[in-house]
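What's in data.cif: mmCIF, C-alpha atoms
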data_run
#
loop_
_atom_site.label_atom_id
_atom_site.label_comp_id
_atom_site.auth_asym_id
_atom_site.auth_seq_id
_atom_site.Cartn_x
_atom_site.Cartn_y
_atom_site.Cartn_z
CA MET A 1 50.77 -11.82 -34.86
CA THR A 2 47.26 -11.20 -36.21
CA THR A 3 44.54 -9.72 -34.03
CA SER A 4 40.81 -9.62 -34.72
CA GLY A 5 40.70 -5.86 -35.24
CA THR A 6 37.32 -5.72 -33.50
CA THR A 7 36.22 -4.47 -30.09
CA SER A 8 32.50 -5.22 -30.25
CA PHE A 9 32.10 -8.28 -28.01
CA ASN A 10 28.74 -7.91 -26.28
CA PRO A 11 27.32 -11.32 -25.32
CA GLN A 12 23.68 -12.11 -25.90
CA LEU A 13 21.41 -13.07 -23.05
CA THR A 14 21.73 -16.80 -23.79
CA ASP A 15 25.54 -16.59 -23.66
CA ILE A 16 25.46 -14.69 -20.36
CA ILE A 17 23.13 -17.26 -18.82
CA GLN A 18 25.12 -20.21 -20.12
CA GLU A 19 28.39 -18.79 -18.78
CA ALA A 20 26.80 -18.20 -15.37
CA TYR A 21 25.44 -21.76 -15.24
CA ASP A 22 28.91 -23.07 -16.13
CA ARG A 23 30.48 -21.12 -13.27
CA ALA A 24 27.83 -22.36 -10.86
CA GLY A 25 28.50 -25.96 -11.92
CA ILE A 26 24.94 -26.45 -13.15
CA VAL A 27 23.83 -27.91 -16.46
CA MET A 28 21.03 -25.90 -18.07
CA ARG A 29 18.63 -28.46 -19.52
CA SER A 30 15.18 -26.89 -19.66
CA GLY A 31 13.29 -23.76 -20.58
CA TYR A 32 12.40 -23.29 -16.93
CA GLU A 33 16.08 -22.96 -16.00
CA TYR A 34 16.45 -20.29 -18.68
CA ARG A 35 13.41 -18.40 -17.33
CA SER A 36 14.71 -18.76 -13.78
CA ALA A 37 18.04 -17.21 -14.80
CA ARG A 38 16.31 -14.38 -16.64
CA ARG A 39 14.20 -13.67 -13.54
CA SER A 40 17.35 -13.59 -11.40
CA ILE A 41 18.90 -11.06 -13.80
CA ASP A 42 15.90 -8.75 -13.51
CA ILE A 43 15.97 -8.96 -9.71
CA MET A 44 19.71 -8.26 -9.76
CA MET A 45 19.15 -5.14 -11.89
CA GLN A 46 16.85 -3.87 -9.14
CA GLU A 47 19.57 -4.65 -6.60
CA TRP A 48 22.08 -2.63 -8.63
CA ALA A 49 19.84 0.42 -8.32
CA ASN A 50 20.43 0.16 -4.55
CA ARG A 51 24.21 -0.03 -4.91
CA GLY A 52 24.73 3.58 -5.98
CA ILE A 53 24.82 5.77 -9.07
CA ASN A 54 25.12 3.83 -12.31
CA LEU A 55 26.36 6.55 -14.65
CA TRP A 56 24.93 5.01 -17.83
CA THR A 57 21.42 5.39 -16.40
CA VAL A 58 21.73 9.18 -15.94
CA GLU A 59 19.30 10.99 -18.25
CA GLU A 60 18.34 14.62 -18.67
CA GLY A 61 14.66 15.54 -18.51
CA THR A 62 12.50 18.65 -18.40
CA GLN A 63 9.16 19.62 -16.90
CA THR A 64 7.45 22.85 -17.80
CA LEU A 65 6.00 24.33 -14.61
CA THR A 66 2.44 25.59 -14.61
CA SER A 67 1.40 28.70 -12.75
CA GLY A 68 -0.29 27.72 -9.50
CA THR A 69 0.80 24.04 -9.65
CA ALA A 70 3.49 22.86 -7.22
CA THR A 71 3.54 19.04 -7.62
CA TYR A 72 4.39 17.02 -10.75
CA ASN A 73 4.90 13.34 -11.53
CA LEU A 74 8.27 12.06 -12.74
CA PRO A 75 8.66 9.22 -15.28
CA SER A 76 7.64 5.97 -13.56
CA ASP A 77 11.09 4.38 -14.10
CA THR A 78 12.86 7.14 -12.17
CA VAL A 79 15.07 5.95 -9.31
CA ASP A 80 16.01 9.42 -8.05
CA LEU A 81 17.04 12.91 -9.15
CA ILE A 82 20.71 13.76 -8.81
CA ASP A 83 20.66 17.40 -9.95
CA HIS A 84 18.21 20.08 -11.07
CA VAL A 85 17.95 23.74 -12.08
CA ILE A 86 15.14 26.18 -12.89
CA ARG A 87 15.39 27.46 -16.47
CA THR A 88 13.90 30.76 -17.54
CA GLY A 89 13.86 32.36 -20.97
CA SER A 90 14.95 30.66 -24.18
CA GLY A 91 17.65 30.77 -26.84
CA THR A 92 20.43 33.26 -26.14
CA SER A 93 18.46 34.76 -23.25
CA GLN A 94 18.12 31.43 -21.45
CA SER A 95 19.23 31.30 -17.83
CA ASP A 96 19.60 28.33 -15.46
CA LEU A 97 19.17 29.09 -11.78
CA THR A 98 19.98 26.93 -8.78
CA ILE A 99 17.14 25.13 -7.01
CA ASN A 100 18.05 23.41 -3.75
CA ARG A 101 16.69 20.05 -2.65
CA MET A 102 14.92 19.75 0.69
CA SER A 103 13.71 16.84 2.79
CA VAL A 104 10.13 16.11 3.77
CA SER A 105 10.97 17.57 7.20
CA ASN A 106 12.18 20.80 5.60
CA TYR A 107 9.08 21.02 3.44
CA SER A 108 6.74 20.33 6.34
CA THR A 109 8.12 23.31 8.29
CA ILE A 110 7.49 25.88 5.52
CA PRO A 111 4.81 28.14 7.07
CA ASN A 112 3.15 29.23 3.81
CA LYS A 113 3.27 26.42 1.27
CA THR A 114 1.03 28.33 -1.14
CA ALA A 115 3.36 31.31 -1.50
CA THR A 116 4.06 32.09 -5.18
CA GLY A 117 7.17 33.22 -7.03
CA ARG A 118 10.22 31.75 -8.72
CA PRO A 119 10.80 28.26 -7.27
CA ILE A 120 14.01 28.03 -5.28
CA ARG A 121 13.54 24.69 -3.48
CA ILE A 122 12.44 21.20 -4.51
CA TYR A 123 11.19 18.19 -2.55
CA VAL A 124 11.53 14.82 -4.32
CA ASP A 125 8.87 12.39 -3.09
CA ARG A 126 10.10 8.88 -3.93
CA GLN A 127 6.76 7.11 -4.13
CA ILE A 128 6.01 4.09 -6.37
CA THR A 129 5.25 6.77 -8.95
CA PRO A 130 7.89 9.36 -7.97
CA ARG A 131 7.01 13.03 -7.99
CA PHE A 132 8.44 16.38 -6.98
CA THR A 133 7.11 19.53 -5.37
CA VAL A 134 8.63 22.98 -5.88
CA TRP A 135 8.42 25.98 -3.58
CA PRO A 136 7.41 28.73 -3.91
CA VAL A 137 4.55 27.69 -6.15
CA PRO A 138 5.30 28.96 -9.70
CA ASP A 139 3.74 32.32 -10.47
CA ALA A 140 2.67 33.70 -13.85
CA SER A 141 5.41 36.31 -14.19
CA GLN A 142 7.38 34.13 -16.63
CA THR A 143 7.76 30.58 -17.90
CA TYR A 144 9.70 28.26 -15.61
CA THR A 145 11.09 24.88 -16.66
CA LEU A 146 12.61 22.38 -14.26
CA VAL A 147 15.62 20.79 -15.93
CA TYR A 148 16.72 17.68 -14.07
CA TRP A 149 19.16 14.81 -14.33
CA ARG A 150 17.66 11.56 -13.13
CA LEU A 151 18.72 7.99 -12.49
CA ARG A 152 16.45 5.65 -14.43
CA ARG A 153 15.92 1.95 -13.91
CA ILE A 154 18.10 -0.49 -15.85
CA GLU A 155 16.06 -2.11 -18.61
CA ASP A 156 14.73 -5.65 -18.10
CA ALA A 157 16.45 -8.61 -19.73
CA GLY A 158 13.41 -9.20 -21.96
CA GLN A 159 12.18 -12.35 -23.67
CA PRO A 160 14.40 -13.08 -26.71
CA GLY A 161 17.68 -14.83 -25.98
CA THR A 162 19.30 -12.63 -28.61
CA ASN A 163 18.82 -9.52 -26.44
CA THR A 164 21.86 -7.76 -25.02
CA MET A 165 21.77 -6.09 -21.63
CA ASP A 166 21.27 -2.39 -20.98
CA MET A 167 24.75 -1.74 -19.55
CA PRO A 168 28.30 -0.88 -20.63
CA PHE A 169 30.62 -3.77 -21.49
CA ARG A 170 32.57 -2.98 -18.31
CA PHE A 171 29.76 -4.47 -16.20
CA THR A 172 29.43 -7.77 -18.09
CA PRO A 173 31.87 -9.62 -15.76
CA ALA A 174 29.92 -8.37 -12.72
CA LEU A 175 26.64 -9.44 -14.29
CA ILE A 176 27.86 -12.96 -15.04
CA ALA A 177 29.51 -13.34 -11.62
CA GLY A 178 26.36 -12.10 -9.89
CA LEU A 179 24.10 -14.37 -11.90
CA ALA A 180 26.29 -17.40 -11.15
CA TYR A 181 26.06 -16.60 -7.44
CA ASN A 182 22.27 -16.22 -7.57
CA LEU A 183 21.85 -19.44 -9.53
CA ALA A 184 23.97 -21.32 -6.98
CA LEU A 185 21.70 -20.01 -4.21
CA LYS A 186 18.76 -21.69 -5.95
CA ASN A 187 20.48 -25.00 -6.67
CA PRO A 188 20.75 -27.52 -3.76
CA GLY A 189 23.85 -29.08 -5.29
CA SER A 190 25.88 -25.87 -5.43
CA GLU A 191 26.18 -24.99 -1.73
CA ALA A 192 29.94 -25.51 -1.71
CA ARG A 193 30.43 -22.93 -4.47
CA ILE A 194 28.34 -20.18 -2.89
CA PRO A 195 31.09 -18.47 -0.80
CA MET A 196 33.50 -18.47 -3.77
CA LEU A 197 30.85 -17.17 -6.17
CA GLU A 198 29.71 -14.47 -3.74
CA ALA A 199 33.29 -13.26 -3.28
CA ALA A 200 33.83 -13.24 -7.04
CA TYR A 201 30.62 -11.25 -7.54
CA GLU A 202 31.51 -8.61 -4.97
CA LYS A 203 35.01 -8.28 -6.42
CA GLN A 204 33.76 -7.86 -9.99
CA TRP A 205 31.08 -5.41 -8.91
CA GLN A 206 33.60 -3.30 -6.99
CA LEU A 207 36.00 -3.23 -9.94
CA ALA A 208 33.24 -2.06 -12.27
CA ALA A 209 31.76 0.43 -9.80
CA ASP A 210 35.16 1.97 -9.01
CA GLU A 211 35.74 2.54 -12.73
CA ASP A 212 32.22 3.90 -13.35
CA ARG A 213 32.87 7.40 -12.04
CA SER A 214 33.19 10.96 -13.21
CA ARG A 215 36.73 12.14 -13.83
CA ALA A 216 35.96 15.83 -13.55
CA SER A 217 38.20 17.82 -11.23
CA VAL A 218 36.86 18.40 -7.74
CA ARG A 219 37.92 21.34 -5.62
CA PHE A 220 37.21 21.45 -1.87
CA ILE A 221 37.20 24.84 -0.13
CA PRO A 222 37.17 24.75 3.68
CA PHE A 223 34.53 26.81 5.44
CA VAL A 224 35.90 29.01 8.20
CA ALA A 225 33.38 30.64 10.48
CA ILE A 226 34.23 34.24 11.38
CA ARG A 227 33.17 35.21 14.84
#

Hey, can you dump this file as structure tokens for me?
Amino acid sequence: MTTSGTTSFNPQLTDIIQEAYDRAGIVMRSGYEYRSARRSIDIMMQEWANRGINLWTVEEGTQTLTSGTATYNLPSDTVDLIDHVIRTGSGTSQSDLTINRMSVSNYSTIPNKTATGRPIRIYVDRQITPRFTVWPVPDASQTYTLVYWRLRRIEDAGQPGTNTMDMPFRFTPALIAGLAYNLALKNPGSEARIPMLEAAYEKQWQLAADEDRSRASVRFIPFVAIR
């Protein structure tokens, strides 16, 4: 038996859209139907940002902190920060120190928000242009750098039909199933397929999401209060 010897299948945007139309029982005849499908993909990528942590969108970033400045903008395509440390020094003398996240309520109750020193807490303000505020306000005793790991937005589908999507191959079945479901919602003749397509989408998404996880060991230590 002869196999292909390749493992590089990554369908182009036109193939993804055509497969989704086939599943929805719709014949794609016009450029508008192609644009409609592409728009649905972009909306679905925004929906996926609400479904949890997509590991392939985790990126490391840095922000050098300026003495006397507490608030800094994050890249505009940031969904959220998932971890962060304060880095001091450089080279072999570099040291990463824990900085704990706080809520807006926690930040609002700090009596002296202008206190200076090494930052030990961070408030992530998820505005349209996301930003963060550290406390205490960085002082001039040394150089501080916030090192963070962020979730970024999934890239748009884009114009050319030859584009491939910004996702691992594992999520292609979920993308096609989700697009077929969304196309059926927009087509008056596909009402009967909607429940089946929705169930297929949720199943494929769950399969992909369950696999898209860290396999690092986790150790839980119970906390026992001593009275």

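Our summary of the geometry notes that atom CA of A:Ser90 is positioned 16.2 Å from atom CA of A:Arg118.
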
Report task. Work out how far apart atom CA of A:Thr145 and atom CA of A:Asp125 are and give it in Å to one decimal. Result -> 18.6 Å

Report task. Evaluate the PyMOL selection byres ((chain A and resi 163-179) around 9) and record the selected residues as a PyMOL selection string, following the chain and residue labels used in the document. Result -> chain A and resi 9-14+16-17+19-21+23-24+37+40-41+44-45+56-57+154-162+180-184+197-198+200-209+211-212

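Contact shell of A:Leu151 at 9 Å (only C-alpha atoms; same-chain neighbours under 4 positions omitted): Ala49, Ile53, Asn54, Leu55, Trp56, Thr57, Val58, Glu59, Asp77, Thr78, Val79, Asp80, Leu81 and Ile82 of chain A.
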
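The residues returned by the PyMOL selection byres ((chain A and resi 84) around 8) for this structure are Leu81, Ile82, Asp83, Val85, Ile86, Thr98, Ile99, Leu146, Val147, Tyr148 and Trp149 of chain A.
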
Selection export as a JSON list (two decimals), in the coordinates of the input, atoms kept: C-alpha atoms:
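As a result, again.json now contains:
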[["chain", "number", "residue", "atom", "x", "y", "z"],
["A", 81, "LEU", "CA", 17.04, 12.91, -9.15],
["A", 82, "ILE", "CA", 20.71, 13.76, -8.81],
["A", 83, "ASP", "CA", 20.66, 17.40, -9.95],
["A", 85, "VAL", "CA", 17.95, 23.74, -12.08],
["A", 86, "ILE", "CA", 15.14, 26.18, -12.89],
["A", 98, "THR", "CA", 19.98, 26.93, -8.78],
["A", 99, "ILE", "CA", 17.14, 25.13, -7.01],
["A", 146, "LEU", "CA", 12.61, 22.38, -14.26],
["A", 147, "VAL", "CA", 15.62, 20.79, -15.93],
["A", 148, "TYR", "CA", 16.72, 17.68, -14.07],
["A", 149, "TRP", "CA", 19.16, 14.81, -14.33]]

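Among the candidates A:Glu60, A:Asn112, A:Val27, A:Ile43, the residue lying nearest to A:Ser190 is A:Val27 (atoms considered: all atoms listed in the file).
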
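Proximity ranking of A:Arg153, A:Lys113, A:Arg131, A:Gln94 relative to A:Glu47 places A:Arg153 first, based on only C-alpha atoms.
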
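Computed from the coordinates, the atom CA of A:Leu65 to atom CA of A:Ala115 distance equals 15.1 Å.
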
Query raised in the report: Given the file above and the PyMOL selection byres ((chain A and resi 72) around 6), which residues are selected, and can you give them as a list in words?
Result: Thr71, Asn73, Arg131 and Phe132 of chain A

Query - Exercise: A:Gln142 partners within 12 Å, all atoms listed in the file, chain neighbours under 2 positions left out, as a PyMOL selection string - result: chain A and resi 64-67+86-90+117-119+138-140+144-145

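Nearest residue to A:Arg38 among A:Asp15, A:Thr129, A:Thr2, A:Asp22 is A:Asp15, counting all atoms listed in the file.
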
Report summary line: Min atom-atom distance to A:Thr133 from the set A:Thr6, A:Thr114, A:Asn50, A:Ser214, counting all atoms listed in the file, belongs to A:Thr114

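With all atoms listed in the file as the atoms that count, the minimum distance from A:Val134 to the choices A:Ile110, A:Leu185, A:Ile122, A:Ala216 is reached by A:Ile122.
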
Atoms kept (C-alpha atoms) for stretch 19-66 of chain A, as a compact mmCIF listing (two decimals), in the first residue's frame:
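Result went into out_25.txt, see below:
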# COMPACT_ATOMS: atom_id res chain seq x y z
CA GLU A 19 -16.88 22.79 1.87
CA ALA A 20 -19.04 24.78 4.29
CA TYR A 21 -21.54 25.68 1.55
CA ASP A 22 -21.71 21.99 0.56
CA ARG A 23 -22.52 20.99 4.13
CA ALA A 24 -25.17 23.68 4.39
CA GLY A 25 -26.78 22.45 1.16
CA ILE A 26 -26.23 25.78 -0.59
CA VAL A 27 -24.76 26.35 -4.04
CA MET A 28 -22.25 29.21 -4.08
CA ARG A 29 -22.91 31.11 -7.30
CA SER A 30 -21.80 34.70 -6.82
CA GLY A 31 -19.04 36.87 -5.44
CA TYR A 32 -21.46 38.17 -2.82
CA GLU A 33 -21.88 34.68 -1.37
CA TYR A 34 -18.10 34.39 -1.11
CA ARG A 35 -17.88 37.77 0.66
CA SER A 36 -20.75 36.80 2.95
CA ALA A 37 -18.92 33.61 3.96
CA ARG A 38 -15.68 35.50 4.54
CA ARG A 39 -17.53 37.98 6.76
CA SER A 40 -19.03 35.10 8.75
CA ILE A 41 -15.54 33.65 9.28
CA ASP A 42 -14.24 36.95 10.67
CA ILE A 43 -17.21 37.23 13.03
CA MET A 44 -16.67 33.63 14.13
CA MET A 45 -13.00 34.37 14.91
CA GLN A 46 -14.23 37.07 17.29
CA GLU A 47 -16.61 34.55 18.83
CA TRP A 48 -13.72 32.13 19.38
CA ALA A 49 -11.93 34.77 21.46
CA ASN A 50 -14.91 34.52 23.85
CA ARG A 51 -14.73 30.73 24.09
CA GLY A 52 -11.51 30.58 26.11
CA ILE A 53 -7.75 30.47 25.70
CA ASN A 54 -6.63 29.60 22.18
CA LEU A 55 -3.05 28.48 22.83
CA TRP A 56 -1.74 29.38 19.37
CA THR A 57 -2.59 33.03 20.02
CA VAL A 58 -0.40 33.27 23.15
CA GLU A 59 2.51 35.66 22.56
CA GLU A 60 5.23 37.04 24.79
CA GLY A 61 5.68 40.80 24.97
CA THR A 62 7.65 43.34 26.96
CA GLN A 63 7.15 46.92 28.12
CA THR A 64 9.95 48.93 29.62
CA LEU A 65 8.55 50.88 32.56
CA THR A 66 9.35 54.55 32.91
